[in-house]
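Structure record follows, encoded as structure tokens.
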Amino acid sequence: MNAFELLKADHRKVSRLFDELEGANGKAKLGVFAQIKTELELHTHIEETIFYPALEQPEKTHDLILEAYEEHKVVKTVLAKLSRARTADDEWQAQAKVLRENVEHHVDEEENELFDKAAEVLSDEQIEALGQRMEAEKARKQGRASQKSTTKKKGIVSRIAEFVGLGSSSSSKKSAPTKKGAAGKEAAGNSAKKRSATKKRAGKKTASATKGTSKSAAQKRKSGSKKAATKKRRQV
């Protein structure tokens, strides 16, 4: 998409949003205005950083470019004033109409005068290259805006999660007792095994002692029997 086609597409999109703004009610107006503000800020950015600098030096476009910069300043001032409002009251709506009139005047001068003279001082290759640069810059800016929005949403979600006890810190606290409980169970199991082994050793010692005592008693009985037999033989 060359430079003229890209800028005209932006103009058509903003025009549709202004139509939508007029048909909206209450807070919906502020929502549509936020979209208009985003589109206009992005549009003026790529014009002022890429398109206009390429046309400042040629004599045919020099004065028109200076005028375009000034018209951008007026639009930015009205945008800032409208952005500070919290409700779309009658005064706000009147200022929104002024904004549209300024934008439409600027668009008319660009499409019916500036673009024609720009086509005379720029080659087809330059016009195509400017369009590609502006398209890439729009994608970059929109990507950064999307990333910021995602980060902001994640931050809000994290704060809510921490508030209700579901955050990362809460999760780590919950997992800690689980680890301790597992360690306690393992220690208890090891202790039980030690007690069982001790009982077995004690049982073996008791059995051995009992066996030794029984053997000693048997030996004593055997010795007594021998003595009695010897005594009887002597008496005979």
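Labels for the structure tokens follow display order: chains A, B, ..., residues from 1 in each chain, ligands from 1.
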- Message: When you look at range 96-109 of chain A with a cut-off of 8 Å (counting only C-alpha atoms), what residues show up, excluding the ones that are within fewer than 3 positions of it in the same chain? I need them as a PyMOL selection string.
- Response: chain A and resi 11+18+68+71+74-75+78-79+82+92-93+112-114
- Task: Have a look at A:Lys117, A:Lys29, A:Lys138, A:Arg133 and name the one nearest to Glu56 in chain A; count only C-alpha atoms.
- Result: A:Lys117
- Message: So the first atom is CA of Arg140 in chain A and the second is CA of Ala3 in chain A; what is the distance between them in Å, to one decimal place?
- Response: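 CA of Ala3 in chain A lies at a distance of 16.8 Å from CA of Arg140 in chain A.
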- Task: Find the residues around Arg12 in chain A up to 12 Å (only C-alpha atoms counted), leave out those fewer than 4 positions away in its own chain, and share them as a ChimeraX atom specification.
- Result: /A:5-8,16-19,36,39-40,43,103-104,107-108,111
- Message: I need the residues of range 5-89 of chain A that end up classed as alpha helix (DSSP H) by DSSP on the backbone, written out as a VMD selection string.
- Response: chain A and resid 5 to 23 27 to 46 59 to 83
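Taking CA of Lys141 in chain A and CA of Leu21 in chain A as the two end points, the separation is 24.2 Å.
Note that CA of Ser83 in chain A and CA of Phe33 in chain A are 8.4 Å apart.
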